[in-house]
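Dropping data_9.cif in here (mmCIF, C-alpha atoms):
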data_start
#
loop_
_atom_site.label_atom_id
_atom_site.label_comp_id
_atom_site.auth_asym_id
_atom_site.auth_seq_id
_atom_site.Cartn_x
_atom_site.Cartn_y
_atom_site.Cartn_z
CA MET A 1 75.39 36.14 155.73
CA THR A 2 72.90 33.41 155.11
CA LEU A 3 73.02 31.13 152.12
CA LYS A 4 69.83 32.65 150.79
CA ASN A 5 71.25 36.18 150.96
CA PHE A 6 74.41 35.01 149.15
CA ARG A 7 72.34 33.48 146.37
CA ASP A 8 70.32 36.70 146.04
CA MET A 9 73.50 38.71 145.77
CA LEU A 10 74.87 36.44 143.04
CA SER A 11 71.59 36.64 141.19
CA ARG A 12 71.61 40.45 141.29
CA ARG A 13 75.23 40.51 140.07
CA ASP A 14 74.44 38.19 137.18
CA ALA A 15 71.50 40.35 136.25
CA TYR A 16 73.68 43.46 136.34
CA GLU A 17 76.38 41.88 134.17
CA SER A 18 73.71 40.70 131.73
CA PHE A 19 72.32 44.23 131.62
CA LEU A 20 75.78 45.63 130.86
CA ALA A 21 76.38 43.01 128.15
CA ASN A 22 73.01 43.73 126.56
CA GLY A 23 73.85 47.43 126.56
CA ARG A 24 77.19 46.85 124.85
CA GLU A 25 75.55 44.57 122.25
CA GLU A 26 72.91 47.16 121.58
CA ARG A 27 75.49 49.91 121.13
CA ARG A 28 77.47 47.64 118.76
CA ARG A 29 74.38 46.90 116.70
CA ARG A 30 73.58 50.58 116.49
CA LYS A 31 77.14 51.37 115.43
CA ASP A 32 77.12 48.60 112.80
CA GLY A 33 73.77 49.80 111.60
CA ARG A 34 75.07 53.33 111.19
CA TRP A 35 78.06 52.05 109.14
CA GLN A 36 75.84 49.84 106.99
CA GLY A 37 73.56 52.79 106.38
CA ARG A 38 76.49 54.96 105.37
CA ILE A 39 77.81 52.27 102.99
CA ILE A 40 74.40 51.89 101.39
CA VAL A 41 74.07 55.65 101.00
CA LEU A 42 77.59 55.81 99.49
CA LEU A 43 76.82 53.00 97.03
CA LEU A 44 73.58 54.68 96.02
CA LEU A 45 75.44 57.93 95.55
CA VAL A 46 78.10 56.25 93.39
CA CYS A 47 75.43 54.53 91.30
CA ALA A 48 73.62 57.83 90.89
CA VAL A 49 76.80 59.59 89.79
CA VAL A 50 77.66 56.79 87.36
CA THR A 51 74.14 56.85 85.96
CA VAL A 52 74.29 60.61 85.47
CA LEU A 53 77.71 60.39 83.81
CA VAL A 54 76.59 57.56 81.52
CA ALA A 55 73.44 59.45 80.58
CA ALA A 56 75.39 62.67 79.97
CA ASP A 57 77.96 60.77 77.91
CA TYR A 58 75.18 59.17 75.87
CA TRP A 59 73.45 62.45 75.07
CA MET A 60 76.70 64.25 74.34
CA ASN A 61 77.58 61.55 71.80
CA TYR A 62 74.07 60.91 70.54
CA GLY A 63 74.19 59.78 66.91
CA LYS A 64 77.99 59.85 66.88
CA ILE A 65 80.72 57.27 67.30
CA TYR A 66 82.34 57.49 70.71
CA ARG A 67 85.69 59.24 70.81
CA GLY A 68 88.64 56.89 70.92
CA VAL A 69 87.00 54.32 68.63
CA SER A 70 88.83 53.47 65.42
CA VAL A 71 88.46 51.03 62.54
CA GLY A 72 91.86 49.54 61.93
CA SER A 73 94.15 52.55 62.22
CA VAL A 74 91.47 55.07 61.13
CA PRO A 75 90.12 57.15 64.07
CA LEU A 76 86.38 57.76 63.77
CA GLY A 77 85.49 59.30 67.14
CA GLY A 78 82.92 62.09 66.93
CA LYS A 79 81.75 61.05 63.45
CA THR A 80 78.28 59.94 62.47
CA PRO A 81 78.00 56.48 60.87
CA GLY A 82 77.49 58.18 57.49
CA GLU A 83 80.59 60.33 57.88
CA ALA A 84 82.57 57.32 59.08
CA GLN A 85 81.43 55.30 56.07
CA GLN A 86 82.60 58.04 53.71
CA ILE A 87 86.01 58.20 55.42
CA LEU A 88 86.39 54.42 55.22
CA GLU A 89 85.35 54.36 51.56
CA GLU A 90 88.05 56.95 50.81
CA ARG A 91 90.52 54.80 52.72
CA ALA A 92 89.33 51.72 50.85
CA GLY A 93 90.00 53.59 47.62
CA SER A 94 93.65 52.82 48.20
CA LEU A 95 92.72 49.15 47.95
CA GLU A 96 91.21 49.45 44.48
CA GLU A 97 94.54 48.26 43.12
CA ILE A 98 97.27 46.03 44.50
CA GLU A 99 100.83 46.97 43.61
CA LEU A 100 103.53 44.32 43.39
CA THR A 101 107.23 45.09 43.35
CA GLY A 102 110.27 42.88 42.97
CA PRO A 103 111.91 41.63 39.78
CA GLN A 104 109.18 43.54 37.94
CA GLU A 105 106.37 45.90 38.91
CA PHE A 106 102.71 45.00 38.47
CA THR A 107 99.41 46.74 39.27
CA VAL A 108 96.44 44.42 39.66
CA PRO A 109 92.83 45.65 40.09
CA SER A 110 91.31 44.45 43.37
CA ASP A 111 88.10 43.29 41.69
CA ARG A 112 90.17 40.82 39.66
CA LEU A 113 91.47 39.43 42.94
CA GLY A 114 88.02 39.29 44.55
CA VAL A 115 88.99 41.79 47.27
CA ASN A 116 86.00 43.60 48.81
CA PHE A 117 85.69 46.02 51.74
CA ASP A 118 82.29 46.78 53.33
CA ALA A 119 82.71 50.33 54.67
CA GLU A 120 79.07 50.62 55.76
CA ALA A 121 79.20 47.52 57.96
CA ARG A 122 82.45 48.63 59.62
CA ALA A 123 81.03 52.13 60.29
CA HIS A 124 77.95 50.69 62.00
CA GLU A 125 80.12 48.30 64.00
CA ALA A 126 82.17 51.26 65.23
CA TYR A 127 78.97 53.12 66.18
CA ALA A 128 77.77 50.12 68.20
CA VAL A 129 80.82 50.25 70.50
CA GLY A 130 79.58 51.29 73.97
CA ARG A 131 75.96 50.84 72.95
CA GLN A 132 75.59 47.06 73.12
CA GLY A 133 75.42 44.60 76.00
CA ASP A 134 74.64 45.28 79.65
CA ILE A 135 75.70 48.39 81.57
CA PHE A 136 79.02 46.86 82.61
CA GLU A 137 79.92 45.87 79.04
CA ARG A 138 79.07 49.35 77.82
CA ILE A 139 81.12 51.02 80.54
CA GLY A 140 84.02 48.67 79.75
CA ASP A 141 83.86 49.56 76.04
CA ARG A 142 83.72 53.26 76.86
CA ALA A 143 86.74 52.92 79.15
CA GLU A 144 88.70 51.27 76.34
CA ALA A 145 87.65 54.03 73.96
CA ILE A 146 88.74 56.73 76.41
CA LEU A 147 92.14 55.07 76.57
CA ASN A 148 92.21 54.93 72.73
CA THR A 149 92.49 51.16 72.82
CA ARG A 150 89.11 50.24 71.26
CA HIS A 151 89.81 49.14 67.69
CA VAL A 152 87.28 47.64 65.32
CA PRO A 153 89.11 45.33 62.87
CA LEU A 154 89.35 46.54 59.27
CA VAL A 155 87.73 43.45 57.76
CA VAL A 156 88.48 42.93 54.07
CA ASP A 157 86.65 40.10 52.33
CA TYR A 158 88.57 37.92 49.91
CA ASP A 159 88.96 34.32 48.82
CA ARG A 160 92.47 32.85 48.80
CA GLU A 161 91.76 30.63 45.79
CA ARG A 162 90.42 33.55 43.76
CA LEU A 163 93.34 35.67 44.96
CA GLN A 164 95.78 33.08 43.64
CA LYS A 165 93.89 32.78 40.36
CA GLY A 166 93.89 36.56 39.90
CA LEU A 167 97.65 36.63 40.33
CA SER A 168 98.29 33.77 37.91
CA GLY A 169 99.37 36.20 35.18
CA VAL A 170 101.99 37.69 37.48
CA PHE A 171 103.23 34.23 38.40
CA SER A 172 103.50 33.24 34.74
CA ALA A 173 105.36 36.43 33.81
CA LEU A 174 107.94 35.88 36.53
CA THR A 175 108.38 32.14 36.04
CA VAL A 176 111.47 31.09 34.05
CA GLU A 177 112.00 27.41 33.36
CA PRO A 178 115.58 26.20 33.80
CA ILE A 179 117.39 24.93 30.67
CA GLU A 180 120.07 22.26 30.85
CA ALA A 181 123.34 22.55 29.01
CA GLY A 182 123.84 20.26 26.00
CA PHE A 183 126.33 19.24 23.35
CA GLU A 184 126.48 19.97 19.62
CA VAL A 185 128.74 18.13 17.19
CA ASN A 186 130.06 20.09 14.22
CA GLY A 187 132.32 17.85 12.17
CA SER A 188 135.08 16.83 14.52
CA GLU A 189 134.30 19.59 17.03
CA VAL A 190 132.03 19.30 20.07
CA SER A 191 130.57 22.49 21.53
CA VAL A 192 128.45 23.08 24.64
CA THR A 193 125.04 24.76 24.49
CA GLN A 194 124.46 27.23 27.32
CA SER A 195 122.36 26.37 30.33
CA ARG A 196 119.93 28.82 31.93
CA THR A 197 119.01 29.34 35.59
CA GLY A 198 115.29 29.33 36.20
CA GLN A 199 113.16 31.18 38.75
CA LYS A 200 109.72 30.90 40.29
CA VAL A 201 107.57 33.02 42.60
CA GLU A 202 107.16 32.06 46.24
CA GLU A 203 103.40 32.03 45.79
CA GLU A 204 102.37 30.92 49.28
CA LYS A 205 104.52 33.59 50.92
CA LEU A 206 103.04 36.32 48.73
CA LEU A 207 99.48 35.14 49.45
CA ASP A 208 100.23 35.07 53.19
CA ASP A 209 101.64 38.61 53.02
CA ILE A 210 98.57 39.88 51.18
CA GLU A 211 96.21 38.20 53.65
CA ALA A 212 98.07 39.82 56.55
CA GLY A 213 98.29 43.25 54.89
CA LEU A 214 94.75 43.69 53.57
CA PRO A 215 93.15 44.19 57.03
CA GLU A 216 95.69 46.98 57.63
CA GLY A 217 94.88 48.70 54.35
CA GLN A 218 98.24 47.78 52.82
CA ARG A 219 98.27 47.94 49.02
CA GLU A 220 101.94 47.39 48.11
CA TYR A 221 103.68 44.01 48.39
CA LYS A 222 107.08 42.66 47.45
CA VAL A 223 107.21 39.54 45.29
CA SER A 224 109.92 37.11 46.32
CA VAL A 225 111.38 34.69 43.78
CA VAL A 226 113.66 31.71 44.21
CA THR A 227 116.13 30.41 41.60
CA GLU A 228 116.10 26.92 40.10
CA GLU A 229 119.38 25.55 38.81
CA PRO A 230 119.34 23.13 35.84
CA GLU A 231 120.49 19.57 36.43
CA LEU A 232 123.42 20.09 34.03
CA THR A 233 125.02 23.53 34.06
CA THR A 234 127.31 24.99 31.38
CA ALA A 235 130.35 24.59 33.62
CA GLU A 236 129.54 20.94 34.30
CA ALA A 237 128.97 20.29 30.59
CA GLU A 238 132.32 21.87 29.71
CA SER A 239 134.07 19.53 32.13
CA LEU A 240 132.34 16.53 30.52
CA LYS A 241 132.88 17.60 26.91
CA PRO A 242 135.02 15.11 24.91
CA THR A 243 138.07 16.74 23.34
CA THR A 244 139.53 13.81 21.38
CA LEU A 245 138.03 11.23 18.99
CA LEU A 246 137.36 8.04 20.94
CA GLY A 247 136.08 5.97 18.04
CA LYS A 248 133.93 5.95 14.94
CA TYR A 249 131.55 3.61 13.17
CA ARG A 250 129.86 3.62 9.80
CA THR A 251 126.97 1.62 8.49
CA ASP A 252 125.38 1.49 5.09
CA TYR A 253 121.66 1.05 4.71
CA ARG A 254 122.18 -0.43 1.27
CA GLU A 255 124.09 -3.43 2.57
CA THR A 256 121.25 -4.83 4.64
CA SER A 257 117.78 -6.01 3.88
CA ASP A 258 116.45 -4.49 7.13
CA LYS A 259 115.31 -1.03 6.11
CA SER A 260 112.49 -0.78 8.66
CA ARG A 261 111.53 2.50 10.31
CA GLU A 262 112.45 1.07 13.74
CA ARG A 263 116.02 0.29 12.61
CA VAL A 264 116.45 3.75 11.15
CA GLU A 265 115.16 5.27 14.42
CA ASN A 266 117.53 3.14 16.53
CA LEU A 267 120.48 4.14 14.40
CA ASP A 268 119.50 7.77 14.69
CA ILE A 269 119.33 7.53 18.50
CA ALA A 270 122.69 5.78 18.68
CA SER A 271 124.29 8.36 16.42
CA ASN A 272 123.08 11.20 18.57
#
What do you get writing this file as structure tokens?
Amino acid sequence: MTLKNFRDMLSRRDAYESFLANGREERRRRKDGRWQGRIIVLLLLVCAVVTVLVAADYWMNYGKIYRGVSVGSVPLGGKTPGEAQQILEERAGSLEEIELTGPQEFTVPSDRLGVNFDAEARAHEAYAVGRQGDIFERIGDRAEAILNTRHVPLVVDYDRERLQKGLSGVFSALTVEPIEAGFEVNGSEVSVTQSRTGQKVEEEKLLDDIEAGLPEGQREYKVSVVTEEPELTTAEAESLKPTTLLGKYRTDYRETSDKSRERVENLDIASN
């Protein structure tokens, strides 16, 4: 075999192998193309199904709050905004008065405390769930509603300072100032006047409890009080009470020329 013939044979083999490789590459591209086409068709089909479901869901719930949506703990699914507002106003009726229990019972009107609940705004906020934002946000809200986990907060407007001012009468009624024990001298006898334990309301705790309970529609709260002991109790005064005469002194205003008001006052203080 000549060198030329050998080169021709190699050239034909290379061409054949190239032809085979091109054929395999072409078949791979066709196969990949078929898979890509199928994926695109599948995605389009999914999008079409989702679109149909979203549209059907929208028209089935047209003008109504989506099922699974609640304001606070009040379920409002399937209700129109007007119906939802009426339900919330009835619920808010329980907040017209605040009841306080504890050492005494009190009922305080909410308007005195500056407590206000906007049922209309909350109803419209519930209706907007699943109807705001892009398609993904709406689908996410609907998914939460289906799982009964989409809650609109029960917002109750109030001002802490006005709340505290409105409860000032309750605080005053429950506040008892402590009284210290004392001594009274009757002739040669010394007696002890009784002390009294005081009490005051834990105001900040009560205000915190009300702030936490109002959004949940809570209307009854317990008032906590703490005691205040006097600096000198009856028992302590009894232990300090003198039981025997330690000494005595007598002065006569007539035997001195100093009859000023200051001297009389000093003598009075010393005598006591």
List the neighbours of range 95-106 of chain A out to 8 Å using only C-alpha atoms; skip same-chain residues closer than 4 positions along the sequence, and give me the result as a PDB file with C-alpha atoms, keeping the file's coordinate frame.
ATOM      1  CA  ARG A  91      90.520  54.800  52.720  1.00  0.00           C
ATOM      2  CA  SER A 110      91.310  44.450  43.370  1.00  0.00           C
ATOM      3  CA  ASP A 111      88.100  43.290  41.690  1.00  0.00           C
ATOM      4  CA  VAL A 170     101.990  37.690  37.480  1.00  0.00           C
ATOM      5  CA  LEU A 174     107.940  35.880  36.530  1.00  0.00           C
ATOM      6  CA  GLY A 217      94.880  48.700  54.350  1.00  0.00           C
ATOM      7  CA  GLN A 218      98.240  47.780  52.820  1.00  0.00           C
ATOM      8  CA  ARG A 219      98.270  47.940  49.020  1.00  0.00           C
ATOM      9  CA  GLU A 220     101.940  47.390  48.110  1.00  0.00           C
ATOM     10  CA  TYR A 221     103.680  44.010  48.390  1.00  0.00           C
ATOM     11  CA  LYS A 222     107.080  42.660  47.450  1.00  0.00           C
ATOM     12  CA  VAL A 223     107.210  39.540  45.290  1.00  0.00           C
ATOM     13  CA  SER A 224     109.920  37.110  46.320  1.00  0.00           C
TER      14      SER A 224
END
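Checking A:Thr51, A:Ser191, A:Gln132, A:Gln199 one by one against Val225 in chain A, counting all atoms listed in the file, you find the shortest gap at A:Gln199.
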Which residues fall under the PyMOL selection byres ((chain A and resi 155-169) around 10) in this file, as a ChimeraX atom specification?
/A:71-72,92,95,106,108-119,121-122,152-154,170-175,203-204,206-208,210-211,213-217
Using all atoms listed in the file, determine which residues lie at most 10 Å from range 134-141 of chain A, disregarding the query and same-chain residues fewer than 2 positions distant; provide the list as JSON, numbers by chain.
{"A": [50, 51, 54, 66, 69, 128, 129, 130, 131, 132, 143, 144, 145, 146, 147, 149, 150]}
As JSON, please report the centre and edge lengths, rounded to one decimal in Å, of the axis-aligned box that holds all listed atoms of range 152-157 of chain A with 3 Å of padding on each of the six sides.
{"center_x": 88.0, "center_y": 43.9, "center_z": 58.8, "size_x": 8.7, "size_y": 13.5, "size_z": 19.0}
If we count all atoms listed in the file, what is near Arg196 in chain A at a cut-off of 10 Å, once residues fewer than 6 positions away on the same chain are taken out, given as a list of chain:residue names?
A:Val176, A:Glu177, A:Pro178, A:Ile179, A:Glu180, A:Ala181, A:Glu228, A:Glu229, A:Pro230, A:Leu232, A:Thr233, A:Thr234
For a test of reading the model, state the distance in Å between CA of Arg142 in chain A and CA of Ala123 in chain A, rounded to one decimal.
16.8 Å
